[in-house]
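Asker: If you scroll down you'll find the structure; I have some questions about it.
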There are 2 protein chains.
Amino acid sequence: MTRLNRQYRLAARPVGLPKNTDWKFTTEQVADPGDGQVLVKVLQLSLDPAMRGWMNEGRSYIPPVGIGEVMRAGGVGKVIASKNLQFPVGDHVSGGFGIQEYCLVDGKDLGRTGLAKLDLRLGTLSQWLNALGMPGMTGYFGLLEVGTPKAGDTVVVSGAAGAVGQTVGQVAKIKGCRVVGIAGGKAKCDFVVRDLHFDACIDYKGGSVRDGLKEHCAKGVDIYFDNVGGEILDAVLARINRGARIVICGAISQYNNTTPVKGPANYLSLLINRARMEGMVVFDYADRYALAVKDIAQWMKDGKFVSKEDVVTGIENFPDTLNKLFSGENFGKLVLKVAEE
Amino acid sequence: MTRLNRQYRLAARPVGLPKNTDWKFTTEQVADPGDGQVLVKVLQLSLDPAMRGWMNEGRSYIPPVGIGEVMRAGGVGKVIASKNLQFPVGDHVSGGFGIQEYCLVDGKDLGRTGLAKLDLRLGTLSQWLNALGMPGMTGYFGLLEVGTPKAGDTVVVSGAAGAVGQTVGQVAKIKGCRVVGIAGGKAKCDFVVRDLHFDACIDYKGGSVRDGLKEHCAKGVDIYFDNVGGEILDAVLARINRGARIVICGAISQYNNTTPVKGPANYLSLLINRARMEGMVVFDYADRYALAVKDIAQWMKDGKFVSKEDVVTGIENFPDTLNKLFSGENFGKLVLKVAEE
């Protein structure tokens with residue numbers, strides 16, 4: 001059976017915000033699986049700020065996407081043809097499928113692609129890209145392992161309505177912390193307080209983050225989970241407590257810079273406060289993902305944890321949809337729906 | 001007996017490098033000690049980069065020196081009159097005496113001043129301001145407690161010929177690390193390699209620090225002990241290994257800035273490398289100073305550890321001598337000798 005596979009390939013390394021000409025939309029035939037191979041029909045794809053970094057040349061925690069290669073992306077799908085007994089037809093799976101409609105996974109690439117079965121009793125396909133997927137794992141391990149919260153700590157998280165931010169804040173609440181979000185716009189801030197039960201949320205588009213921190217973190221900041229960098233990181237550095245932990249998870253404000261990254265001018269607050277700033281990459285916790293999935297699925301079942309997605313339909317909308325991340329237009333975990341089951 | 005006490009008082013908060021007009025040189029009579037008081041003849045004073053920070057208004061790890069107050073400084077001296085049985089006449093002591101020739105220490109201020117007896121069998125007066133004093137304690141605990149070195153680690157330290165830097169590097173060598181210093185000028189670099197036995201020293205005035213790091217840290221950097229901040233911090237960030245530790249001890253390149261501090265533009269290297277940057281303040285380790293003094297004194301006795309001081313004589317030379325720290329003119333721990341015994 002001949003299937004056509006539409007794919008977004010990286011055509012050029014973007015300068016600043018990715019443009020349409022940085023992509024090439026291609027179509028190719030899908031081969032049938034050979035021995036050990038698995039053919040996955042991609043259903044939903046995860047769009048993440050980190051993708052912007054993968055488009056750049058240079059040393060990072062994983063190699064950049066090569067020019068002409070299918071753009072790297074995590075996704076969920078269904079096995080539709082298989083010559084691998086581990087993954088029979090009908091299985092729901094997640095993996096690094098890339099921005100395409102079908103992904104032929106080779107047996108020896110299983111590890112690299114991270115092909116894993118999904119239990120849809122624990123969550124929907126979209127939730128497997130969010131609370132039960134990479135963002136959930138990132139927020140869970142970043143907060144608990146690097147942030148090391150204690151009950152009563154004041155935890156601040158930027159990108160609070162985003163995929164990682166919502167996990168960080170909700171896990172921190174469950175651990176007995178006071179949680180203050182930072183997000184852009186009244187609608188997001190209302191959602192963060194009303195639906196995610198943060199104690200407060202500062203609207204960085206609607207006023208001064210410094211004033212908001214002063215108001216809502218009267219006892220200072222013990223943990224800051226940073227997804228944004230830039231001015232907001234500096235504003236929080238000015239309010240940290242002695243022994244504070246700053247988790248560096250991302251810096252979305254800086255990813256499309258055409259000028260050098262703005263380093264945190266207030267970093268000497270680390271010295272004054274004997275505080276630390278530490279980076280994290282979710283892959284380091286892969287051997288414990290199952291543990292986090294179990295916790296979060298249980299919290300969702302108990303109604304203590306909300307997984308909010310922003311689903312856009314149609315692979316052809318990929319370039320514009322990705323850029324919603326950088327304008328802050330997305331509301332919850334950004335998911336590109338490629339196909340119905 | 002009437003004694004005249006010459007003192008340097010803070011006259012104005014400096015903008016940039018301290019000027020002569022930021023100081024007031026005053027003379028007053030010294031009172032005889034009352035009950036519980038101790039009169040110390042100041043012999044030598046410690047001049048430290050941190051003093052620049054104490055001259056600024058604003059929140060820090062200790063309150064700023066007030067306008068009109070005697071400038072804060074650590075020193076060593078001798079008890080010449082006493083109504084306190086703990087500190088009889090003739091004792092050698094260290095404490096926060098300030099830039100003056102005599103210091104009358106009140107019994108209830110003993111804790112605040114940190115008055116402590118010195119055992120001159122362990123080191124000379126100057127060494128008690130260096131390897132056995134605050135710089136030694138800072139380097140010892142900063143490296144061992146915050147840097148957490150393992151044998152085989154590559155340790156980089158800036159201000160390598162300075163008081164803290166020399167301790168850091170020598171302790172790291174004793175712990176089995178490869179040690180690369182960064183210092184200004186050939187003479188200092190030669191001293192660091194020849195006398196302090198570092199594996200290499202990069203002359204930041206004589207060439208590119210980036211190239212030097214590339215050459216001398218072929219396996220990357222596991223620990224960076226930062227005394228300087230600025231461009232050098234960024235250069236090292238670009239070379240750190242996974243799990244690296246950056247100890248933020250100071251930022252002398254930024255202390256006289258009249259523009260905002262330059263934050264480390266390469267801080268996202270912390271993320272890529274799951275590394276941490278952590279601040280330290282020596283006072284936190286006060287309950288364990290005796291332990292470090294014992295180790296360092298033994299190493300000096302065994303010929304494994306050099307304590308190098310740069311001694312300038314005459315209290316009237318204080319303003320110019322302090323500024324040597326910021327031009328990098330001092331060579332070893334900068335000591336102002338105020339009097340002979």
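In the structure tokens, chains take letters A, B, ... by order of appearance, with residues numbered from 1 within each chain and ligands from 1 in the order shown.
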Only residues of chain B matter here; which ones have an atom within 9 Å of chain A, counting only C-alpha atoms? Give them as a ChimeraX atom specification.
Answerer: /B:59-62,247-251,260-281
Asker: Please produce an output containing C-alpha atoms for each residue in the selection, written as a PDB file, in the first residue's frame.
Answerer:
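Produced file out-v5.pdb, reproduced below:
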```pdb
ATOM      1  CA  ARG B  59      21.086  45.451  50.726  1.00  0.00           C
ATOM      2  CA  SER B  60      23.981  43.021  50.912  1.00  0.00           C
ATOM      3  CA  TYR B  61      25.265  40.282  53.182  1.00  0.00           C
ATOM      4  CA  ILE B  62      26.339  42.914  55.734  1.00  0.00           C
ATOM      5  CA  VAL B 247      31.632  29.164  42.755  1.00  0.00           C
ATOM      6  CA  ILE B 248      30.704  32.841  42.786  1.00  0.00           C
ATOM      7  CA  CYS B 249      33.022  34.400  45.331  1.00  0.00           C
ATOM      8  CA  GLY B 250      33.405  37.863  43.875  1.00  0.00           C
ATOM      9  CA  ALA B 251      33.331  39.983  40.742  1.00  0.00           C
ATOM     10  CA  PRO B 260      24.949  48.110  35.442  1.00  0.00           C
ATOM     11  CA  VAL B 261      26.786  44.877  36.196  1.00  0.00           C
ATOM     12  CA  LYS B 262      27.442  42.779  33.097  1.00  0.00           C
ATOM     13  CA  GLY B 263      25.528  39.563  33.616  1.00  0.00           C
ATOM     14  CA  PRO B 264      27.022  36.362  32.190  1.00  0.00           C
ATOM     15  CA  ALA B 265      25.648  36.151  28.631  1.00  0.00           C
ATOM     16  CA  ASN B 266      26.691  32.494  28.475  1.00  0.00           C
ATOM     17  CA  TYR B 267      24.640  31.494  31.524  1.00  0.00           C
ATOM     18  CA  LEU B 268      22.553  29.088  29.408  1.00  0.00           C
ATOM     19  CA  SER B 269      25.636  26.909  29.360  1.00  0.00           C
ATOM     20  CA  LEU B 270      24.417  25.967  32.854  1.00  0.00           C
ATOM     21  CA  LEU B 271      21.340  24.464  31.230  1.00  0.00           C
ATOM     22  CA  ILE B 272      23.130  22.632  28.439  1.00  0.00           C
ATOM     23  CA  ASN B 273      25.637  21.204  30.921  1.00  0.00           C
ATOM     24  CA  ARG B 274      23.337  20.675  33.907  1.00  0.00           C
ATOM     25  CA  ALA B 275      25.787  22.822  35.789  1.00  0.00           C
ATOM     26  CA  ARG B 276      25.351  25.086  38.764  1.00  0.00           C
ATOM     27  CA  MET B 277      26.525  28.524  39.776  1.00  0.00           C
ATOM     28  CA  GLU B 278      26.455  29.126  43.496  1.00  0.00           C
ATOM     29  CA  GLY B 279      27.348  32.049  45.710  1.00  0.00           C
ATOM     30  CA  MET B 280      29.307  31.823  48.951  1.00  0.00           C
ATOM     31  CA  VAL B 281      30.091  34.092  51.879  1.00  0.00           C
TER      32      VAL B 281
END
```
Asker: Per DSSP on the backbone, filter segment 5-246 of chain A down to the residues in strand (DSSP E) and report them as a count of residues only.
Answerer: 69
Asker: As a list in words, please: the residues near Gln100 of chain B (cut-off 10 Å, only C-alpha atoms, same-chain neighbours under 6 positions excluded).
Answerer: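 Counting only C-alpha atoms, the residues come to Asn5, Arg6, Gln7, Tyr8, Arg9, Phe25, Thr26, Thr27, Lys41, Val42, Leu43, Gln44, Leu45, Val70, Met71, Arg72, Ala73, Gly75, Ile315, Glu316 and Val338 of chain B.
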Asker: Give the helix (DSSP H, G or I) residues of segment 16-265 of chain B, as assigned by DSSP on the backbone, as JSON, numbers by chain.
Answerer: {"B": [20, 21, 22, 50, 51, 52, 53, 54, 107, 108, 109, 110, 111, 112, 113, 125, 126, 127, 128, 129, 134, 135, 136, 137, 138, 139, 140, 141, 142, 143, 144, 145, 146, 147, 163, 164, 165, 166, 167, 168, 169, 170, 171, 172, 173, 174, 186, 187, 188, 189, 190, 191, 192, 193, 194, 209, 210, 211, 212, 213, 214, 215, 216, 230, 231, 232, 233, 234, 235, 236, 237, 252, 253, 254]}
Asker: Since we have the selection now, will you write its residues out, keeping C-alpha atoms, as an mmCIF file, in the first residue's frame?
Answerer:
```cif
data_model
loop_
_atom_site.group_PDB
_atom_site.id
_atom_site.type_symbol
_atom_site.label_atom_id
_atom_site.label_comp_id
_atom_site.auth_asym_id
_atom_site.auth_seq_id
_atom_site.Cartn_x
_atom_site.Cartn_y
_atom_site.Cartn_z
ATOM 1 C CA ASN B 20 40.738 60.659 47.717
ATOM 2 C CA THR B 21 37.749 62.879 48.402
ATOM 3 C CA ASP B 22 35.690 59.813 49.320
ATOM 4 C CA ALA B 50 34.891 43.135 49.221
ATOM 5 C CA MET B 51 35.576 46.507 50.875
ATOM 6 C CA ARG B 52 34.418 48.212 47.711
ATOM 7 C CA GLY B 53 30.989 46.624 48.136
ATOM 8 C CA TRP B 54 30.740 47.733 51.761
ATOM 9 C CA GLY B 107 33.280 43.408 75.819
ATOM 10 C CA LYS B 108 29.790 43.164 74.359
ATOM 11 C CA ASP B 109 31.172 43.798 70.866
ATOM 12 C CA LEU B 110 33.624 40.908 71.005
ATOM 13 C CA GLY B 111 31.359 38.746 68.849
ATOM 14 C CA ARG B 112 30.637 41.440 66.300
ATOM 15 C CA THR B 113 34.297 42.415 65.993
ATOM 16 C CA LEU B 125 50.953 38.190 61.379
ATOM 17 C CA SER B 126 50.674 38.654 57.609
ATOM 18 C CA GLN B 127 49.856 35.003 57.109
ATOM 19 C CA TRP B 128 47.083 35.367 59.666
ATOM 20 C CA LEU B 129 45.593 37.939 57.276
ATOM 21 C CA MET B 134 39.627 35.434 55.699
ATOM 22 C CA PRO B 135 41.092 34.824 52.195
ATOM 23 C CA GLY B 136 42.362 31.417 53.233
ATOM 24 C CA MET B 137 39.044 30.511 54.835
ATOM 25 C CA THR B 138 37.181 31.784 51.761
ATOM 26 C CA GLY B 139 39.255 29.731 49.339
ATOM 27 C CA TYR B 140 39.273 26.628 51.513
ATOM 28 C CA PHE B 141 35.535 26.430 52.216
ATOM 29 C CA GLY B 142 34.449 27.871 48.875
ATOM 30 C CA LEU B 143 36.409 25.255 46.993
ATOM 31 C CA LEU B 144 35.741 22.283 49.230
ATOM 32 C CA GLU B 145 32.131 22.939 50.271
ATOM 33 C CA VAL B 146 30.687 24.661 47.203
ATOM 34 C CA GLY B 147 33.025 23.467 44.459
ATOM 35 C CA ALA B 163 44.765 36.081 48.274
ATOM 36 C CA VAL B 164 41.760 33.837 47.677
ATOM 37 C CA GLY B 165 42.967 32.499 44.337
ATOM 38 C CA GLN B 166 46.257 31.213 45.704
ATOM 39 C CA THR B 167 44.441 29.268 48.409
ATOM 40 C CA VAL B 168 41.886 27.799 46.019
ATOM 41 C CA GLY B 169 44.516 26.587 43.573
ATOM 42 C CA GLN B 170 46.857 25.152 46.159
ATOM 43 C CA VAL B 171 44.074 23.325 48.015
ATOM 44 C CA ALA B 172 42.806 21.973 44.680
ATOM 45 C CA LYS B 173 46.302 20.685 43.843
ATOM 46 C CA ILE B 174 46.520 19.006 47.251
ATOM 47 C CA LYS B 186 53.670 37.415 33.087
ATOM 48 C CA ALA B 187 55.214 37.902 36.544
ATOM 49 C CA LYS B 188 52.052 36.793 38.301
ATOM 50 C CA CYS B 189 51.526 33.858 35.949
ATOM 51 C CA ASP B 190 55.119 32.727 36.436
ATOM 52 C CA PHE B 191 54.692 32.925 40.216
ATOM 53 C CA VAL B 192 51.450 30.956 40.073
ATOM 54 C CA VAL B 193 53.044 28.123 38.118
ATOM 55 C CA ARG B 194 56.514 28.150 39.662
ATOM 56 C CA VAL B 209 41.425 33.822 27.823
ATOM 57 C CA ARG B 210 39.303 31.704 25.480
ATOM 58 C CA ASP B 211 42.365 30.431 23.656
ATOM 59 C CA GLY B 212 44.148 29.833 26.934
ATOM 60 C CA LEU B 213 41.270 27.768 28.271
ATOM 61 C CA LYS B 214 41.155 25.786 25.061
ATOM 62 C CA GLU B 215 44.842 25.036 25.352
ATOM 63 C CA HIS B 216 45.059 24.284 29.057
ATOM 64 C CA GLY B 230 32.704 39.912 33.475
ATOM 65 C CA GLU B 231 34.241 38.585 30.254
ATOM 66 C CA ILE B 232 36.316 35.950 32.021
ATOM 67 C CA LEU B 233 33.246 34.356 33.602
ATOM 68 C CA ASP B 234 31.681 34.181 30.141
ATOM 69 C CA ALA B 235 34.794 32.653 28.626
ATOM 70 C CA VAL B 236 34.849 29.898 31.244
ATOM 71 C CA LEU B 237 31.100 29.253 30.933
ATOM 72 C CA ILE B 252 36.135 42.492 41.033
ATOM 73 C CA SER B 253 35.808 43.473 37.353
ATOM 74 C CA GLN B 254 32.353 44.859 38.151
#
```
Asker: I want to know what sits within 6 Å of Ala11 of chain A, based on only C-alpha atoms, with residues of the same chain fewer than 2 positions away left out; could you give that as a list in words?
Answerer: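 The residues satisfying every condition are Asp22, Trp23, Lys24, Ile67 and Gly68 of chain A.
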Asker: Let's have the selection written as an mmCIF file, in the first residue's frame, with C-alpha atoms.
Answerer:
```
data_model
loop_
_atom_site.group_PDB
_atom_site.id
_atom_site.type_symbol
_atom_site.label_atom_id
_atom_site.label_comp_id
_atom_site.auth_asym_id
_atom_site.auth_seq_id
_atom_site.Cartn_x
_atom_site.Cartn_y
_atom_site.Cartn_z
ATOM 1 C CA ASP A 22 13.318 28.489 6.800
ATOM 2 C CA TRP A 23 11.093 25.470 6.123
ATOM 3 C CA LYS A 24 10.559 23.145 3.196
ATOM 4 C CA ILE A 67 19.675 21.330 6.989
ATOM 5 C CA GLY A 68 17.343 19.227 4.840
#
```
Asker: What is the distance between atom CA of Ala339 of chain B and atom CA of Asp32 of chain B, in Å to one decimal?
Answerer: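 These two atoms are separated by 19.3 Å.
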Asker: Calculated over only C-alpha atoms, which of the candidates B:Val335, B:Thr154, B:Glu329, B:Gly123 has the smallest distance to Gly185 of chain B?
Answerer: B:Glu329
Asker: Interatomic distance between atom CA of Lys304 of chain A and atom CA of Gly77 of chain A?
Answerer: 27.4 Å
Asker: To one decimal place, how far is atom CA of Ser208 of chain A from atom CA of Ser327 of chain A in Å?
Answerer: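 Interatomic distance here is 18.8 Å.
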Asker: Fewer than 6 positions away in the same chain doesn't count, so skip those; otherwise give me all residues within 6 Å of Cys103 of chain A, counting only C-alpha atoms, as a ChimeraX atom specification.
Answerer: /A:39-40,97
Asker: Can you write out the residues you just picked, keeping N, CA and C atoms, as a PDB file, in the first residue's frame?
Answerer:
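Output (again_16.pdb):
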```pdb
ATOM      1  N   LEU A  39       5.976   0.988  11.665  1.00  0.00           N
ATOM      2  CA  LEU A  39       5.451   2.189  10.992  1.00  0.00           C
ATOM      3  C   LEU A  39       4.394   2.838  11.879  1.00  0.00           C
ATOM      4  N   VAL A  40       4.652   4.089  12.212  1.00  0.00           N
ATOM      5  CA  VAL A  40       3.750   4.824  13.102  1.00  0.00           C
ATOM      6  C   VAL A  40       2.999   5.874  12.299  1.00  0.00           C
ATOM      7  N   PHE A  97       9.121  11.582  16.645  1.00  0.00           N
ATOM      8  CA  PHE A  97       8.716  11.251  15.274  1.00  0.00           C
ATOM      9  C   PHE A  97       9.094  12.318  14.257  1.00  0.00           C
TER      10      PHE A  97
END
```
